[in-house]
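One structure is given below, encoded as structure tokens.
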Amino acid sequence: MAETEWEPKIVAFCCNWCSYGGADTAGMGRFQQPSSLRIIRVMCSGRIDPMHVFNAFLEGADAVLVTGCHLGDCHYVNGNYKAQVRYQFLEEMVRELGLEPERLQLNWISASEGEKFANFIRDVTAQIKQLGPSPLKPEGVN
Amino acid sequence: MVEIGDKLLGYATNPDVRNRGASGGLVTAVLAAALEKGMVEGVVVLKRIDEYEAIPVITDDVQEVLASGGSMHAVPVNLAKYAVGRKIAMPGKPCDVRGVIEQAKRNGVELEDTYIVGLNCGGAMHPVVTREMLIRMYEIDPEDVVGEEIEKGKLIFKTKDGEEKAISIDELEEAGYGRRENCRYCTIKIPTNADLACGNWGVIGELAGSATFCEVMNEKGKRLLDNAIEAGFIEVQPADEKSIAIREKVNKTMLKLGDEWKGRLLTEIPDQERLAYYIEQFADCIDCGACREVCPVCTCGEDSKCTMFHSLADNYKMSMYHMVRLLHLSDSCIGCGQCSDICPVDIPVTTIFRRFADPAQKKRDYSPGMDLQRPPFLELMLK
């Protein structure tokens, strides 16, 4: 079998109304994206518990992306503001823990921004390829 | 009648209480008066077992309160969880008070009928470490000790033969004994968050050692003090400017020393080595959950995220339990040090938690447990 290039595993939490739609639009618009992405759909970015992010890392994700509607556009009034506050704490904690900043990212993507979504995934994948596998990845998981 | 913001010098009228108390027995008398006059149903006191051990109990016996006077430096307990919805009065170190207030803010306890008398604190010692220190540094048998005292930066132990031995606290701490690590870099020495802030700093001249400096912080503190004066349990006089200045000076000196210790104990770890450091520290964890049990600011209760979604069988590189707790406490950790004290495998839990909490709290200028009016951070952000 030929040596294949290491492909990172990226977990993206997408909100049902905007960024998941954005991912859809990216597909419909035929924007090329790497196959490194695993999307987890949540109803709102406010649903994303920091624990979900920890669990993703501990189960072997090389990067975790938190995405949602643009601020002010939340389907549930202020869910993404809640996500933002939570993310600030989460981000500080993950930095202090010693994980590279590129491994946890936040982005607001609307349902029409397919290209933005695809570009975002491409950028993150390139960054993570440079960094290599996450130090929190359990043994035996690639 | 006293006013809010008054700074007073006071002492117990009962000579026995006054002598037994560490500095005039004011706090003991105030608590006893509150109980006697029915302001509260019970008072939290430390029931002494020996020099190194005491258990906090809630008593409704005035005599027991009066008999509880005197300070113990080797008994670190945090009283936050005793305040739950009861009509009680309790004394407390600054970190005790912070724990109670942070709990109240997160709807953990109701403070409507709870009176808190804060005590100045320069630090407490761990009982086990104290025993070891007595054997190694003082060369006396821990069982022979009948009393301890701190004077001019020296820790003095008295034995039952009437001998005294003093060693400077700096020297003890250089050798790894003395105050607990978190006490060395604690940032709150005067409990301005309590109803009354009491202590012996700033008591000078002929009153030294037999009176307490007391600041009235709020309406509840005023009621406590008025009640004790009316009942004839205490006598107070206004503190002069010299006293106030000295108290301030002692506080500043202590805080400055604390900053130095913080620099020494919370040394910067390079980014690349951090994860390895934390993984190594937590690798010893036996998952007993005691650090959560004693934590005075934890408000999740029994079925909490840190325990429900965590299993040792997951065999993750880092335990979910600690990750969740590190996040939860980054805005509420008060650095009381109980988690380090209780840890059966000696993980420096408090120091690790402070590494996460310090930058987060500094960034938001949020000091947990200091102000009952200021809501927790998430709530504040959404207003």
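Simple scheme: letters A, B, ... for chains in structure tokens order, numbers from 1 for residues in each chain, numbers from 1 for ligands in the order shown.
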
inquiry  = At a cut-off of 12 Å, which residues of chain A touch chain B? Count only C-alpha atoms and give the answer as a VMD selection string.
reply    = chain A and resid 49 to 60 77 to 101 134 to 141

Go ahead and save the picked residues with C-alpha atoms, as a compact mmCIF listing (two decimals), in the first residue's frame.
# COMPACT_ATOMS: atom_id res chain seq x y z
CA ASP A 49 -20.99 22.86 25.91
CA PRO A 50 -17.25 23.23 26.50
CA MET A 51 -17.47 19.59 27.49
CA HIS A 52 -18.33 18.60 23.93
CA VAL A 53 -15.14 20.29 22.82
CA PHE A 54 -13.07 18.52 25.48
CA ASN A 55 -14.59 15.22 24.53
CA ALA A 56 -13.75 15.78 20.86
CA PHE A 57 -10.14 16.50 21.74
CA LEU A 58 -9.85 13.58 24.12
CA GLU A 59 -11.36 11.20 21.57
CA GLY A 60 -8.74 12.19 19.06
CA VAL A 77 -32.18 35.67 19.90
CA ASN A 78 -28.89 35.44 21.84
CA GLY A 79 -27.63 31.87 21.66
CA ASN A 80 -24.45 32.84 19.87
CA TYR A 81 -23.66 35.50 22.45
CA LYS A 82 -23.80 32.77 25.06
CA ALA A 83 -21.57 30.65 22.87
CA GLN A 84 -19.16 33.54 22.59
CA VAL A 85 -18.86 34.09 26.34
CA ARG A 86 -18.40 30.38 26.89
CA TYR A 87 -15.87 30.25 24.09
CA GLN A 88 -13.77 32.99 25.67
CA PHE A 89 -13.38 30.95 28.84
CA LEU A 90 -12.83 27.78 26.87
CA GLU A 91 -10.23 29.41 24.65
CA GLU A 92 -8.26 30.77 27.60
CA MET A 93 -8.36 27.40 29.29
CA VAL A 94 -7.21 25.49 26.23
CA ARG A 95 -4.34 27.96 25.69
CA GLU A 96 -3.27 27.66 29.30
CA LEU A 97 -3.38 23.91 28.95
CA GLY A 98 -0.76 24.24 26.24
CA LEU A 99 -2.70 23.31 23.10
CA GLU A 100 -1.80 25.34 20.02
CA PRO A 101 -4.23 28.21 19.33
CA SER A 134 -2.91 16.60 18.57
CA PRO A 135 -0.99 15.80 21.76
CA LEU A 136 -4.28 14.83 23.42
CA LYS A 137 -5.01 12.11 20.89
CA PRO A 138 -5.31 8.72 22.58
CA GLU A 139 -2.88 6.02 21.60
CA GLY A 140 -3.99 3.83 18.74
CA VAL A 141 -6.16 6.47 17.12

inquiry  = So that I can check the secondary structure, give me every residue of segment 216-376 of chain B assigned helix (DSSP H, G or I) by backbone DSSP, as a PyMOL selection string.
reply    = chain B and resi 219-230+241-265+271-282+290-294+305-308+312-314+320-328+338-342+349-363

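Across the model, the gap from atom CA of Lys256 of chain B to atom CA of Asn200 of chain B is 19.3 Å.
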
inquiry  = If we count only C-alpha atoms and set the cut-off at 12 Å, which residues sit around Ser367 of chain B, ignoring sequence neighbours fewer than 5 positions away in its own chain? Please answer as a ChimeraX atom specification.
reply    = /B:95,98-99,101-102,187-188,193,330-335,357-362,372,374-377

inquiry  = Residues within 10 Å of segment 290-298 of chain B, please, as a ChimeraX atom specification. Count only C-alpha atoms; anything in the same chain fewer than 3 positions from it doesn't count.
reply    = /B:77-81,95-106,108,287,301-302,304,306-307,321-322,325,328-329,332-344,349-350,368-369

ask   = Just asking: which residues within segment 9-184 of chain B are strand (DSSP E) according to DSSP, as number ranges by chain?
value = B: 9-12, 42-50, 53-59, 88-92, 115-119, 145-151, 154-159, 164-168

message = List as a PyMOL selection string the protein and nucleic acid residues near segment 33-42 of chain A, meaning an atom at most 6 Å away when only C-alpha atoms are counted, but skip any in the same chain fewer than 2 places from it.
response = chain A and resi 8-16+44+118+122

What does the file look like for those residues with N, CA and C atoms, as a PDB file, in the first residue's frame?
ATOM      1  N   PRO A   8      -5.567  15.174   8.856  1.00  0.00           N
ATOM      2  CA  PRO A   8      -6.057  15.447  10.216  1.00  0.00           C
ATOM      3  C   PRO A   8      -7.551  15.175  10.345  1.00  0.00           C
ATOM      4  N   LYS A   9      -7.990  15.015  11.596  1.00  0.00           N
ATOM      5  CA  LYS A   9      -9.424  14.878  11.856  1.00  0.00           C
ATOM      6  C   LYS A   9      -9.896  16.185  12.487  1.00  0.00           C
ATOM      7  N   ILE A  10     -10.835  16.824  11.842  1.00  0.00           N
ATOM      8  CA  ILE A  10     -11.323  18.097  12.363  1.00  0.00           C
ATOM      9  C   ILE A  10     -12.804  17.966  12.672  1.00  0.00           C
ATOM     10  N   VAL A  11     -13.161  18.318  13.907  1.00  0.00           N
ATOM     11  CA  VAL A  11     -14.567  18.263  14.289  1.00  0.00           C
ATOM     12  C   VAL A  11     -15.122  19.678  14.252  1.00  0.00           C
ATOM     13  N   ALA A  12     -16.209  19.866  13.519  1.00  0.00           N
ATOM     14  CA  ALA A  12     -16.823  21.194  13.484  1.00  0.00           C
ATOM     15  C   ALA A  12     -18.222  21.108  14.065  1.00  0.00           C
ATOM     16  N   PHE A  13     -18.500  21.965  15.045  1.00  0.00           N
ATOM     17  CA  PHE A  13     -19.860  22.070  15.564  1.00  0.00           C
ATOM     18  C   PHE A  13     -20.553  23.163  14.759  1.00  0.00           C
ATOM     19  N   CYS A  14     -21.625  22.789  14.071  1.00  0.00           N
ATOM     20  CA  CYS A  14     -22.313  23.756  13.223  1.00  0.00           C
ATOM     21  C   CYS A  14     -23.739  23.952  13.722  1.00  0.00           C
ATOM     22  N   CYS A  15     -24.198  25.190  13.727  1.00  0.00           N
ATOM     23  CA  CYS A  15     -25.571  25.423  14.160  1.00  0.00           C
ATOM     24  C   CYS A  15     -26.503  25.159  12.992  1.00  0.00           C
ATOM     25  N   ASN A  16     -27.679  24.682  13.317  1.00  0.00           N
ATOM     26  CA  ASN A  16     -28.619  24.213  12.307  1.00  0.00           C
ATOM     27  C   ASN A  16     -28.990  25.288  11.296  1.00  0.00           C
ATOM     28  N   CYS A  44     -28.215  25.094  17.942  1.00  0.00           N
ATOM     29  CA  CYS A  44     -27.750  26.472  18.101  1.00  0.00           C
ATOM     30  C   CYS A  44     -26.341  26.417  18.661  1.00  0.00           C
ATOM     31  N   ALA A 118     -15.970  26.859   3.030  1.00  0.00           N
ATOM     32  CA  ALA A 118     -14.983  25.983   2.389  1.00  0.00           C
ATOM     33  C   ALA A 118     -13.566  26.517   2.606  1.00  0.00           C
ATOM     34  N   ARG A 122     -10.435  24.734   4.565  1.00  0.00           N
ATOM     35  CA  ARG A 122      -9.165  24.525   3.878  1.00  0.00           C
ATOM     36  C   ARG A 122      -8.004  25.136   4.686  1.00  0.00           C
TER      37      ARG A 122
END

query = Which residues come within 12 Å of Gly176 of chain B, counting only C-alpha atoms, excluding same-chain residues fewer than 2 positions away, as a ChimeraX atom specification?
reply = /B:125-126,129-130,132-133,136-137,169-174,178-181,184,265

Dump as a PDB file, in the first residue's frame, selection limited to N, CA and C atoms:
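This went into result.pdb:
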ATOM      1  N   MET B 125      -1.922  26.836  58.480  1.00  0.00           N
ATOM      2  CA  MET B 125      -0.955  25.758  58.268  1.00  0.00           C
ATOM      3  C   MET B 125      -1.676  24.425  58.174  1.00  0.00           C
ATOM      4  N   HIS B 126      -1.086  23.527  57.427  1.00  0.00           N
ATOM      5  CA  HIS B 126      -1.678  22.198  57.297  1.00  0.00           C
ATOM      6  C   HIS B 126      -1.291  21.370  58.527  1.00  0.00           C
ATOM      7  N   VAL B 129       1.585  18.839  57.980  1.00  0.00           N
ATOM      8  CA  VAL B 129       2.856  19.528  57.771  1.00  0.00           C
ATOM      9  C   VAL B 129       3.351  20.132  59.085  1.00  0.00           C
ATOM     10  N   THR B 130       2.411  20.635  59.895  1.00  0.00           N
ATOM     11  CA  THR B 130       2.786  21.229  61.166  1.00  0.00           C
ATOM     12  C   THR B 130       3.436  20.205  62.092  1.00  0.00           C
ATOM     13  N   GLU B 132       4.984  17.494  61.197  1.00  0.00           N
ATOM     14  CA  GLU B 132       6.283  17.145  60.644  1.00  0.00           C
ATOM     15  C   GLU B 132       7.297  18.251  60.964  1.00  0.00           C
ATOM     16  N   MET B 133       6.822  19.495  60.846  1.00  0.00           N
ATOM     17  CA  MET B 133       7.682  20.642  61.116  1.00  0.00           C
ATOM     18  C   MET B 133       8.148  20.653  62.569  1.00  0.00           C
ATOM     19  N   ARG B 136      10.913  17.971  62.828  1.00  0.00           N
ATOM     20  CA  ARG B 136      12.144  18.245  62.108  1.00  0.00           C
ATOM     21  C   ARG B 136      12.797  19.564  62.493  1.00  0.00           C
ATOM     22  N   MET B 137      11.997  20.638  62.550  1.00  0.00           N
ATOM     23  CA  MET B 137      12.580  21.970  62.740  1.00  0.00           C
ATOM     24  C   MET B 137      12.665  22.341  64.219  1.00  0.00           C
ATOM     25  N   ILE B 169       9.170  32.669  60.453  1.00  0.00           N
ATOM     26  CA  ILE B 169       8.300  32.015  59.479  1.00  0.00           C
ATOM     27  C   ILE B 169       8.982  31.918  58.123  1.00  0.00           C
ATOM     28  N   ASP B 170       9.770  32.955  57.779  1.00  0.00           N
ATOM     29  CA  ASP B 170      10.495  32.913  56.498  1.00  0.00           C
ATOM     30  C   ASP B 170      11.381  31.682  56.414  1.00  0.00           C
ATOM     31  N   GLU B 171      12.082  31.438  57.535  1.00  0.00           N
ATOM     32  CA  GLU B 171      12.995  30.295  57.560  1.00  0.00           C
ATOM     33  C   GLU B 171      12.225  28.983  57.386  1.00  0.00           C
ATOM     34  N   LEU B 172      11.085  28.901  58.069  1.00  0.00           N
ATOM     35  CA  LEU B 172      10.278  27.684  57.972  1.00  0.00           C
ATOM     36  C   LEU B 172       9.792  27.467  56.543  1.00  0.00           C
ATOM     37  N   GLU B 173       9.378  28.575  55.915  1.00  0.00           N
ATOM     38  CA  GLU B 173       8.817  28.432  54.573  1.00  0.00           C
ATOM     39  C   GLU B 173       9.894  28.132  53.537  1.00  0.00           C
ATOM     40  N   GLU B 174      11.099  28.640  53.793  1.00  0.00           N
ATOM     41  CA  GLU B 174      12.211  28.270  52.908  1.00  0.00           C
ATOM     42  C   GLU B 174      12.408  26.760  52.937  1.00  0.00           C
ATOM     43  N   GLY B 178       5.666  25.711  57.332  1.00  0.00           N
ATOM     44  CA  GLY B 178       4.967  26.979  57.522  1.00  0.00           C
ATOM     45  C   GLY B 178       3.611  26.988  56.854  1.00  0.00           C
ATOM     46  N   ARG B 179       3.232  28.182  56.351  1.00  0.00           N
ATOM     47  CA  ARG B 179       1.888  28.318  55.802  1.00  0.00           C
ATOM     48  C   ARG B 179       1.713  27.466  54.557  1.00  0.00           C
ATOM     49  N   ARG B 180       0.457  27.180  54.263  1.00  0.00           N
ATOM     50  CA  ARG B 180       0.158  26.432  53.054  1.00  0.00           C
ATOM     51  C   ARG B 180       0.517  27.287  51.845  1.00  0.00           C
ATOM     52  N   GLU B 181       0.804  26.648  50.724  1.00  0.00           N
ATOM     53  CA  GLU B 181       1.268  27.392  49.550  1.00  0.00           C
ATOM     54  C   GLU B 181       0.295  28.481  49.127  1.00  0.00           C
ATOM     55  N   ARG B 184       0.329  31.643  51.084  1.00  0.00           N
ATOM     56  CA  ARG B 184       1.478  32.523  50.888  1.00  0.00           C
ATOM     57  C   ARG B 184       1.208  33.548  49.810  1.00  0.00           C
ATOM     58  N   LEU B 265       6.060  30.658  43.230  1.00  0.00           N
ATOM     59  CA  LEU B 265       5.327  29.389  43.181  1.00  0.00           C
ATOM     60  C   LEU B 265       4.635  29.149  41.843  1.00  0.00           C
TER      61      LEU B 265
END

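One distance worth recording is that between atom CA of Lys252 of chain B and atom CA of Gly205 of chain B, which is 21.0 Å.
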
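For Glu113 of chain A, the non-local neighbours within 10 Å, defined as residues at least 3 positions apart in the same chain or in other chains and counting only C-alpha atoms, are Cys18, Ser19, Gly21, Gly22, Ala23, Asp24, Thr25, Ala26, Trp108, Ile109, Ser110, Lys116, Phe117 and Ala118 of chain A.
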
Export of the given selection (N, CA and C atoms) as a CSV table (one decimal), in the first residue's frame:
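Result file selection-v4.csv:
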chain,number,residue,atom,x,y,z
A,18,CYS,N,-27.4,28.4,10.5
A,18,CYS,CA,-26.5,29.2,9.7
A,18,CYS,C,-25.3,28.4,9.2
A,19,SER,N,-24.4,28.0,10.1
A,19,SER,CA,-23.2,27.4,9.6
A,19,SER,C,-23.4,26.0,9.0
A,21,GLY,N,-26.1,25.3,7.3
A,21,GLY,CA,-26.6,25.8,6.0
A,21,GLY,C,-25.4,26.2,5.1
A,22,GLY,N,-24.4,26.8,5.7
A,22,GLY,CA,-23.2,27.3,5.0
A,22,GLY,C,-22.5,26.1,4.4
A,23,ALA,N,-22.4,25.0,5.2
A,23,ALA,CA,-21.7,23.8,4.8
A,23,ALA,C,-22.5,23.2,3.6
A,24,ASP,N,-23.8,23.3,3.7
A,24,ASP,CA,-24.6,22.8,2.6
A,24,ASP,C,-24.4,23.6,1.3
A,25,THR,N,-24.4,24.9,1.5
A,25,THR,CA,-24.2,25.8,0.3
A,25,THR,C,-22.8,25.6,-0.3
A,26,ALA,N,-21.8,25.3,0.6
A,26,ALA,CA,-20.5,25.0,0.0
A,26,ALA,C,-20.5,23.8,-0.9
A,108,TRP,N,-18.0,32.8,12.7
A,108,TRP,CA,-19.4,33.0,12.4
A,108,TRP,C,-19.7,32.9,10.9
A,109,ILE,N,-20.5,32.0,10.5
A,109,ILE,CA,-20.7,31.7,9.1
A,109,ILE,C,-22.2,31.7,8.8
A,110,SER,N,-22.7,32.5,7.9
A,110,SER,CA,-24.1,32.4,7.6
A,110,SER,C,-24.4,31.4,6.5
A,116,LYS,N,-17.0,31.0,2.1
A,116,LYS,CA,-16.3,31.2,3.3
A,116,LYS,C,-16.1,30.0,4.1
A,117,PHE,N,-17.1,29.1,4.2
A,117,PHE,CA,-17.0,27.9,4.9
A,117,PHE,C,-15.9,27.0,4.4
A,118,ALA,N,-16.0,26.9,3.0
A,118,ALA,CA,-15.0,26.0,2.4
A,118,ALA,C,-13.6,26.5,2.6

request  = Just give me the gap between atom CA of Asn19 of chain B and atom CA of Met39 of chain B in Å, one decimal is fine.
outcome  = 25.5 Å

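Of the listed residues (B:Leu266, B:Ala239, B:Ala166, B:Leu312), B:Ala239 comes nearest to Leu8 of chain B; the distances count only C-alpha atoms.
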